[in-house]
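Presented below is the structure to which this report refers.
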Amino acid sequence: MFTIVDNLIADIDRAFTAVFGQPAGEISLQPTRKEFPGHYTLVMFPYLRLTKSKPEESGQLLGEKLQADSTLVKGYNVVKGFLNLEVADSAWVQVLNDLNTHPDFGFKPASGVEMMVEFSSPNTNKPLHLGHLRNNFLGYSVAKILEANGTRVHKVQIINDRGIHICKSMLAWQKFGNGETPEQAGIKGDKLVGNYYVKFDQEYKQQIAGLVASGMPREEAEKEAPIIKEAQAMLLKWEEKDPEIYTLWQQMNQWVYDGFAATYQTMGVSFDKLYYESETYLLGKDEVQKGVDEGIFYRQEDGSVWVDLTAEGLDRKLLLRADGTSVYMTQDIGTAIQRFRDFPKIHGQIYTVGNEQDYHFKVLFLILKKLGYAWAAHCYHLSYGMVDLPSGKMKSREGTVVDADDLMQEMFATAEEHTRALGKIEGFTGEEAGRLYKTLGLGALKYFLLRVDPRKRILFDPQESIQFQGNTGPFIQYTHARIVSILTRAEELGVAVDKVQDTDLQLAETEREGVKLLAEFGHKITEAAQEYSPAIIAQYVFEVAKEYNRFYAELPIFNEPNPENLKFRVIYSKLVASVIKRGMSLLGIEVPDQM
RNA sequence: GGUCCAUUAGCUCAACUGGAUAGAGCAGCUGCCUUCUAAGCAGCAGGUUUCAGGUUCGAGUCCUGAAUGGAUCACCA
């Protein structure tokens, strides 16, 4: 493919050697700032030792030589130590034509690298909430970005289907449920099970309060409350596969899975394989035992197993409880190993998990390394910030969570409101309109959550956060719809979108900038893949859309008298639509053809 | 207390990994629908990049220290 930057660098290299008598070495260009004329800038400071002259003078000499020798350079100017190069219009036309012959431009061919990306990872005792939305959109998007970068990706989730928390829901259902099913209650299964988790907590708190009132210290009361002891007993029974407990567990989990499946479908995310902790925690236990045998871990008198990481600057960490049951870390060890057994070709795996678990993953990767797994070096914790509400942190027990299903429904309703207010639904069937509201509502939500650097926390204000103007999903979707309408018109008028023949076309600045942006698509994907950051794609697609809208307002398309200019503009429109559509798909966002 | 993360315009975020006069969106103010979709475009206004030092041609970016906010250091997950 023809890229201006690479060719320009080659030309600069030649010119530099010709003018200063020796090669420049490493050359990197940066886009010229908007205030200055030109497209690409060479910073002269690093080369002064070689040019043996002042920055301005060096820039002048080099610029002059380039203008004379390089077909790419139409003009130049030097400001302080910055050499700004103006690229010839013929080069932009060439780039446009070249991009136009590669429908997949920006995406890389398969590299043979395989990765696993984990996201979502819900507990089966709570419905999905706003935090899961950020997690899912982030993980799904990173998977898409890696694929576009040539990596084969396996999207997985680990379902936290065992542990004391599940027993809490089960116990509460046994005690207070009267055999209630989701069908009877008329609610989703995940919501039903979540309700019993809350019920457990209420009962637990009451019992603690009772014990404290009768004179027991709080700390002791928390351990001695009958209902928590029952839950612990239930976990032991579950690990022994007690038939009654096991059947109940399977039934309640199935309710939850059905509920999750519906939510994932609405969200537009999917997985290639599911892992269940109930199936991997035993392997974790074995590995811990092996570690004890090899002297990597140690057992205390009470039977609990620990790893000492003080030499690495961390703490001691529990790996198996005194009663022999496993903890979170045990399970994660087992799961990681299981995955590399299932997919021997994966190079590494990415865990999309909130930053509250930074420490946990640091420890996990260290332990895996100590156990002798070389791939531990390629495990990466994709850590992201919490989503806070104006009222503060979301707490499921206090009922301050924003439910994922509810929020998405609200988004659809808001999208409908906006669309109706703008009077833009004529010509749509009811079904089409409904689909549009979902596309727009979800697009707004996903874009809002993904445009921010993953590490940063997000403040989500339901009243104000979601907008449909400016740097938003719908703005970009709107730009796409506009272009589709242009392309439809072009087809009606019989404008061919094959190739601009006239390489001496006179372009407008917005056209040059637009093509320059389009040519950066591939770099942006690489960068986003390296940083695991959908925000880079979001920012980029916004810029592309913004530049296009400027173009759209400044220049006529079908009223353009010169047919070659007209063709350039139609092809440019087509390429922008392609970048928007494919870029947004990397964020998991669909774009409508009409809105 | 130890460790990790964050702090940029009133608000939400950028800044191409050390480059020029720190940019967008929202909110506010001015204009633009008789030409291809005004969910748009053009413009005005808005900054001591939390603070104090240091490194160098050059620092929002790197180093040291401090402040503020958050997370974590559980026989919770």
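Chain labels follow the order of the structure tokens: the first chain is A, the next B, and so on; residue numbering restarts at 1 in every chain, and ligands are counted from 1 in their shown order.
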Legend entry - Expected answer as a PyMOL selection string: strand (DSSP E) residues in stretch 260-461 of chain A: chain A and resi 273-276+298-299+305-308+316-320+348-354+379-384+387-388+458-459
Inset, instruction - Compute the chain A side of the contact with chain B at 6 Å, counting only C-alpha atoms (C1' of nucleotides), and hand it back as JSON, numbers by chain. - result: {"A": [321, 356, 469, 470, 471, 475, 482, 553]}
Residues just named, written with N, CA, C and O atoms as a compact mmCIF listing (two decimals), in the first residue's frame:
# COMPACT_ATOMS: atom_id res chain seq x y z
N ARG A 321 -8.13 -22.70 52.72
CA ARG A 321 -8.55 -22.49 54.09
C ARG A 321 -8.19 -23.69 54.96
O ARG A 321 -7.90 -24.78 54.46
N GLU A 356 -9.99 -2.71 41.35
CA GLU A 356 -9.97 -3.07 42.77
C GLU A 356 -9.22 -4.40 42.96
O GLU A 356 -8.86 -4.77 44.06
N GLN A 469 -25.51 14.66 21.15
CA GLN A 469 -24.84 15.66 20.34
C GLN A 469 -23.39 15.81 20.77
O GLN A 469 -23.06 15.57 21.91
N GLY A 470 -22.57 16.22 19.83
CA GLY A 470 -21.16 16.41 20.16
C GLY A 470 -20.39 15.10 20.09
O GLY A 470 -20.65 14.28 19.22
N ASN A 471 -19.47 14.93 21.02
CA ASN A 471 -18.63 13.74 21.02
C ASN A 471 -19.40 12.55 21.59
O ASN A 471 -19.20 12.15 22.73
N PHE A 475 -23.78 11.00 17.27
CA PHE A 475 -23.19 11.96 16.34
C PHE A 475 -22.46 11.21 15.22
O PHE A 475 -22.58 11.54 14.03
N ARG A 482 -25.79 10.05 7.07
CA ARG A 482 -25.68 11.11 6.06
C ARG A 482 -24.94 10.61 4.83
O ARG A 482 -25.35 10.85 3.69
N ALA A 553 -20.22 20.48 5.05
CA ALA A 553 -20.78 21.82 5.12
C ALA A 553 -20.07 22.78 4.16
O ALA A 553 -20.68 23.71 3.63
Legend entry - All residues 12 Å or closer to B:U68, only C-alpha atoms (C1' of nucleotides), same chain fewer than 4 positions away omitted, as a ChimeraX atom specification: /B:6-7,50-51
Inset, instruction - Measure the distance from atom CA of A:Val73 to atom CA of A:Asp11 in Å and round it to one decimal. - result: 9.4 Å
Legend entry - Close residues, B:A9 itself excluded, 10 Å, only C-alpha atoms (C1' of nucleotides), min 2 positions apart in chain, as a list in words: C11, G46 and G47 of chain B
Go ahead and write the residues just picked, N, CA, C and O atoms (P, O5', C5', C4', C3', O3' and C1' of nucleotides), as a compact mmCIF listing (two decimals), in the first residue's frame.
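Contents of part_30.txt, freshly written:
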# COMPACT_ATOMS: atom_id res chain seq x y z
P C B 11 -15.02 21.84 37.17
O5' C B 11 -16.12 21.03 36.35
C5' C B 11 -17.30 20.54 36.99
C4' C B 11 -18.12 19.75 36.01
C3' C B 11 -17.35 18.61 35.32
O3' C B 11 -17.35 17.44 36.09
C1' C B 11 -18.48 19.90 33.68
P G B 46 -11.29 34.47 27.51
O5' G B 46 -11.50 33.13 28.33
C5' G B 46 -12.06 33.17 29.66
C4' G B 46 -12.58 31.82 30.04
C3' G B 46 -11.51 30.74 30.22
O3' G B 46 -10.93 30.79 31.51
C1' G B 46 -13.29 29.89 28.91
P G B 47 -9.38 31.16 31.68
O5' G B 47 -8.95 30.16 32.83
C5' G B 47 -9.05 28.77 32.66
C4' G B 47 -7.73 28.08 32.98
C3' G B 47 -6.52 28.99 33.15
O3' G B 47 -5.67 28.50 34.19
C1' G B 47 -6.12 27.42 31.43
Inset, instruction - Enumerate as a ChimeraX atom specification all residues of stretch 470-560 of chain A assigned to alpha helix (DSSP H) by DSSP on the backbone, naming them with the chain letters and numbers the document uses. - result: /A:473-493,509-519,521-531,534-554
Legend entry - From B:G53, B:U8, B:G65, B:A38, residue lying nearest B:A22 [only C-alpha atoms (C1' of nucleotides)]: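 Once distances to B:A22 are computed over only C-alpha atoms (C1' of nucleotides), the minimum belongs to B:U8.
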Legend entry - Distance query A:Val193 at most 9 Å, only C-alpha atoms (C1' of nucleotides), self and fewer than 3 positions along chain excluded, as a PyMOL selection string: chain A and resi 124-127+169-170+173+182+188-190+196-198+252-253+255-256
Inset, instruction - Please provide as a list of chain:residue names all residues within 10 Å of A:Leu371, with the sequence filter that same-chain residues fewer than 6 positions apart are discarded (counting only C-alpha atoms (C1' of nucleotides)). - result: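 The neighbour list is A:Glu287, A:Val288, A:Lys290, A:Gly291, A:Glu294, A:Ile296, A:Phe297, A:Ile333, A:Phe365.
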Since we have the selection now, will you write its residues out, keeping N, CA and C atoms, as a JSON list (two decimals), in the first residue's frame?
[["chain", "number", "residue", "atom", "x", "y", "z"],
["A", 287, "GLU", "N", -3.05, -28.03, 42.20],
["A", 287, "GLU", "CA", -1.85, -27.24, 41.93],
["A", 287, "GLU", "C", -1.27, -26.69, 43.21],
["A", 288, "VAL", "N", -2.17, -26.28, 44.13],
["A", 288, "VAL", "CA", -1.71, -25.76, 45.40],
["A", 288, "VAL", "C", -0.99, -26.86, 46.16],
["A", 290, "LYS", "N", 0.53, -29.41, 44.88],
["A", 290, "LYS", "CA", 1.82, -29.62, 44.21],
["A", 290, "LYS", "C", 2.83, -28.59, 44.69],
["A", 291, "GLY", "N", 2.33, -27.35, 44.79],
["A", 291, "GLY", "CA", 3.20, -26.26, 45.24],
["A", 291, "GLY", "C", 3.71, -26.52, 46.66],
["A", 294, "GLU", "N", 6.41, -29.12, 46.52],
["A", 294, "GLU", "CA", 7.67, -28.62, 45.98],
["A", 294, "GLU", "C", 8.29, -27.52, 46.83],
["A", 296, "ILE", "N", 7.10, -24.56, 47.37],
["A", 296, "ILE", "CA", 6.83, -23.19, 46.93],
["A", 296, "ILE", "C", 5.84, -22.52, 47.89],
["A", 297, "PHE", "N", 4.91, -23.31, 48.41],
["A", 297, "PHE", "CA", 3.94, -22.83, 49.41],
["A", 297, "PHE", "C", 4.22, -23.54, 50.72],
["A", 333, "ILE", "N", -6.12, -19.87, 39.94],
["A", 333, "ILE", "CA", -4.95, -20.67, 39.54],
["A", 333, "ILE", "C", -5.42, -21.82, 38.65],
["A", 365, "PHE", "N", -0.36, -13.76, 38.99],
["A", 365, "PHE", "CA", 0.65, -13.95, 37.94],
["A", 365, "PHE", "C", 1.98, -14.40, 38.56]]
Residues near A:Glu277, cut-off 9 Å, only C-alpha atoms (C1' of nucleotides), skip fewer than 6 positions along chain, as an mmCIF file with N, CA, C and O atoms, in the first residue's frame:
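Result written to selection_12.cif:
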data_model
loop_
_atom_site.group_PDB
_atom_site.id
_atom_site.type_symbol
_atom_site.label_atom_id
_atom_site.label_comp_id
_atom_site.auth_asym_id
_atom_site.auth_seq_id
_atom_site.Cartn_x
_atom_site.Cartn_y
_atom_site.Cartn_z
ATOM 1 N N ILE A 158 -15.507 -16.347 32.922
ATOM 2 C CA ILE A 158 -15.465 -17.309 34.005
ATOM 3 C C ILE A 158 -16.699 -17.043 34.842
ATOM 4 O O ILE A 158 -16.946 -15.908 35.235
ATOM 5 N N ILE A 159 -17.489 -18.051 35.032
ATOM 6 C CA ILE A 159 -18.693 -17.851 35.824
ATOM 7 C C ILE A 159 -18.459 -18.335 37.237
ATOM 8 O O ILE A 159 -18.079 -19.464 37.475
ATOM 9 N N ASN A 160 -18.672 -17.388 38.107
ATOM 10 C CA ASN A 160 -18.458 -17.599 39.519
ATOM 11 C C ASN A 160 -19.634 -18.344 40.101
ATOM 12 O O ASN A 160 -20.477 -17.774 40.756
ATOM 13 N N ASP A 161 -19.688 -19.643 39.819
ATOM 14 C CA ASP A 161 -20.918 -20.359 40.151
ATOM 15 C C ASP A 161 -20.818 -21.126 41.458
ATOM 16 O O ASP A 161 -21.652 -21.959 41.754
ATOM 17 N N ARG A 162 -19.766 -20.905 42.211
ATOM 18 C CA ARG A 162 -19.651 -21.618 43.475
ATOM 19 C C ARG A 162 -19.103 -20.672 44.547
ATOM 20 O O ARG A 162 -18.636 -19.601 44.249
ATOM 21 N N GLN A 331 -9.110 -20.858 42.863
ATOM 22 C CA GLN A 331 -9.906 -21.038 41.658
ATOM 23 C C GLN A 331 -9.237 -20.418 40.436
ATOM 24 O O GLN A 331 -9.210 -21.001 39.366
ATOM 25 N N ASP A 332 -8.692 -19.231 40.650
ATOM 26 C CA ASP A 332 -8.073 -18.535 39.517
ATOM 27 C C ASP A 332 -6.824 -19.248 39.020
ATOM 28 O O ASP A 332 -6.522 -19.223 37.826
ATOM 29 N N GLY A 334 -6.443 -22.520 39.112
ATOM 30 C CA GLY A 334 -6.963 -23.654 38.352
ATOM 31 C C GLY A 334 -7.488 -23.235 36.995
ATOM 32 O O GLY A 334 -7.216 -23.875 35.972
ATOM 33 N N THR A 335 -8.231 -22.148 36.973
ATOM 34 C CA THR A 335 -8.827 -21.683 35.718
ATOM 35 C C THR A 335 -7.754 -21.330 34.694
ATOM 36 O O THR A 335 -7.850 -21.712 33.527
#
